[in-house]
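Note sheet for the following structure.
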Amino acid sequence: MQMLNEINNIIIAPHFKLSEFACPCCNLVMLHPKLLAKLVELRDVLERPVSITSGYRCFEYNQKVGGVANSYHCIGLAADIKVKDINLIELLGYAEEIDFAGIGFYEKKNFLHLDVRPTKRTRWRE
Ligand SMILES: [Zn+2]
Ligand SMILES: [Zn+2]
């Protein structure tokens with residue numbers, strides 16, 4: 001059905017569409033406003049596109065991609081991001097300034113996991 005191509009095709013903040021955060025398998029989406037606000041802040045300081053490589057994940061999809069069982073992606077509190085033409089260490093510095101509660105540094109795969117978990121600040125590296 002043609003109309004389904006437009007599902008979640010809604011601008012929710014400067015430079016971000018809801019569809020970017022949707023689960024790739026089912027188009028369902030949960031997104032906490034605090035996560036979005038911090039990503040907008042990051043986009044603003046970087047002055048370049050922030051690609052969401054994984055936003056919301058339904059439980060099935062999370063299992064499929066090997067996410068941890070209690071992943072913050074499954075409750076709309078996490079996003080994995082890539083930014084072109086910036087060193088991952090430098091990107092990490094900006095993310096730290098914005099103070100995401102959870103930051104995962106994925107050196108080999110060249111992305112950052114960012115989340116707004118309600119518990120204490122957590123940092124990890126893979
Ligand atoms: Zn799904
Ligand atoms: Zn992640």
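Chain labels run A, B, ... following the order of the structure tokens; each chain numbers its residues from 1, and ligands are numbered from 1 in the order shown.
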Can you pull out every residue with an atom within 6 Å of ligand 2? Use only C-alpha atoms and all ligand atoms and format it as a PDB file with all heavy atoms, in the first residue's frame.
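Result file pocket.pdb:
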ATOM      1  N   ALA A  79      19.700   5.536  21.196  1.00  0.00           N
ATOM      2  CA  ALA A  79      19.921   5.592  19.753  1.00  0.00           C
ATOM      3  C   ALA A  79      21.405   5.348  19.482  1.00  0.00           C
ATOM      4  O   ALA A  79      22.269   5.790  20.246  1.00  0.00           O
ATOM      5  CB  ALA A  79      19.510   6.950  19.184  1.00  0.00           C
ATOM      6  N   ASP A  80      21.684   4.635  18.407  1.00  0.00           N
ATOM      7  CA  ASP A  80      23.053   4.500  17.921  1.00  0.00           C
ATOM      8  C   ASP A  80      23.212   5.498  16.789  1.00  0.00           C
ATOM      9  O   ASP A  80      22.301   5.672  15.977  1.00  0.00           O
ATOM     10  CB  ASP A  80      23.306   3.085  17.386  1.00  0.00           C
ATOM     11  CG  ASP A  80      23.163   2.020  18.462  1.00  0.00           C
ATOM     12  OD1 ASP A  80      23.250   2.371  19.657  1.00  0.00           O
ATOM     13  OD2 ASP A  80      22.965   0.852  18.102  1.00  0.00           O
ATOM     14  N   HIS A 113      26.734   4.530  20.861  1.00  0.00           N
ATOM     15  CA  HIS A 113      25.425   4.278  21.451  1.00  0.00           C
ATOM     16  C   HIS A 113      25.203   5.391  22.473  1.00  0.00           C
ATOM     17  O   HIS A 113      26.070   5.653  23.304  1.00  0.00           O
ATOM     18  CB  HIS A 113      25.400   2.904  22.148  1.00  0.00           C
ATOM     19  CG  HIS A 113      24.249   2.742  23.082  1.00  0.00           C
ATOM     20  ND1 HIS A 113      23.152   1.957  22.774  1.00  0.00           N
ATOM     21  CD2 HIS A 113      24.003   3.273  24.306  1.00  0.00           C
ATOM     22  CE1 HIS A 113      22.275   2.037  23.784  1.00  0.00           C
ATOM     23  NE2 HIS A 113      22.777   2.810  24.721  1.00  0.00           N
TER      24      HIS A 113
END
Neighbourhood of ligand 1 at 9 Å, counting only C-alpha atoms and all ligand atoms, reported as a count of residues only | 15
Shortest interatomic distance to A:Glu47 - which of A:Tyr94, A:Tyr72, A:Trp124, A:Phe111, counting only C-alpha atoms = A:Tyr94
From the list A:Arg43, A:Arg117, A:Lys34, A:Lys84, which residue is nearest A:Pro14 when using only C-alpha atoms?
->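 Among the listed residues, A:Arg43 lies closest to A:Pro14.
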Write out as a list in words the residues lying within 12 Å of A:Glu41, counting only C-alpha atoms and excluding same-chain residues fewer than 6 positions away.
-> Ala13, Pro14, His15, Phe16, Lys34, Leu35, Glu47, Arg48, Pro49, Val50, Tyr94, Ala95, Glu96, Glu97, Ile98, Asp99 and Phe100 of chain A
Within 10 Å of A:Leu77, counting only C-alpha atoms, which residues qualify if same-chain residues fewer than 2 places away don't, as a count of residues only?
-> 21
Residues near A:Arg125, cut-off 7 Å, only C-alpha atoms, skip fewer than 3 positions along chain, as a ChimeraX atom specification = /A:104-106
Strand (DSSP E or B) call set, DSSP backbone run, chain A, as a PyMOL selection string = chain A and resi 11-13+16-17+51-54+78-82+102-106+111-115+122-125
Check chain A with DSSP on the backbone and list each residue it calls helix (DSSP H, G or I), as a PyMOL selection string.
-> chain A and resi 2-6+18-21+33-46+59-64+72-75+88-98
Between atom CA of A:Ile103 and atom CA of A:Lys82, distance in Å (one decimal) = 13.2 Å
Distance atom CA of A:Leu92-atom CA of A:Gln63, one decimal place?
-> 26.6 Å
Selected residue, from A:Asn70, A:Asn110, A:Ser19, A:Thr119, that lies nearest to A:Leu4 when counting only C-alpha atoms =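 Ranking A:Asn70, A:Asn110, A:Ser19, A:Thr119 by distance to A:Leu4, first place goes to A:Ser19.
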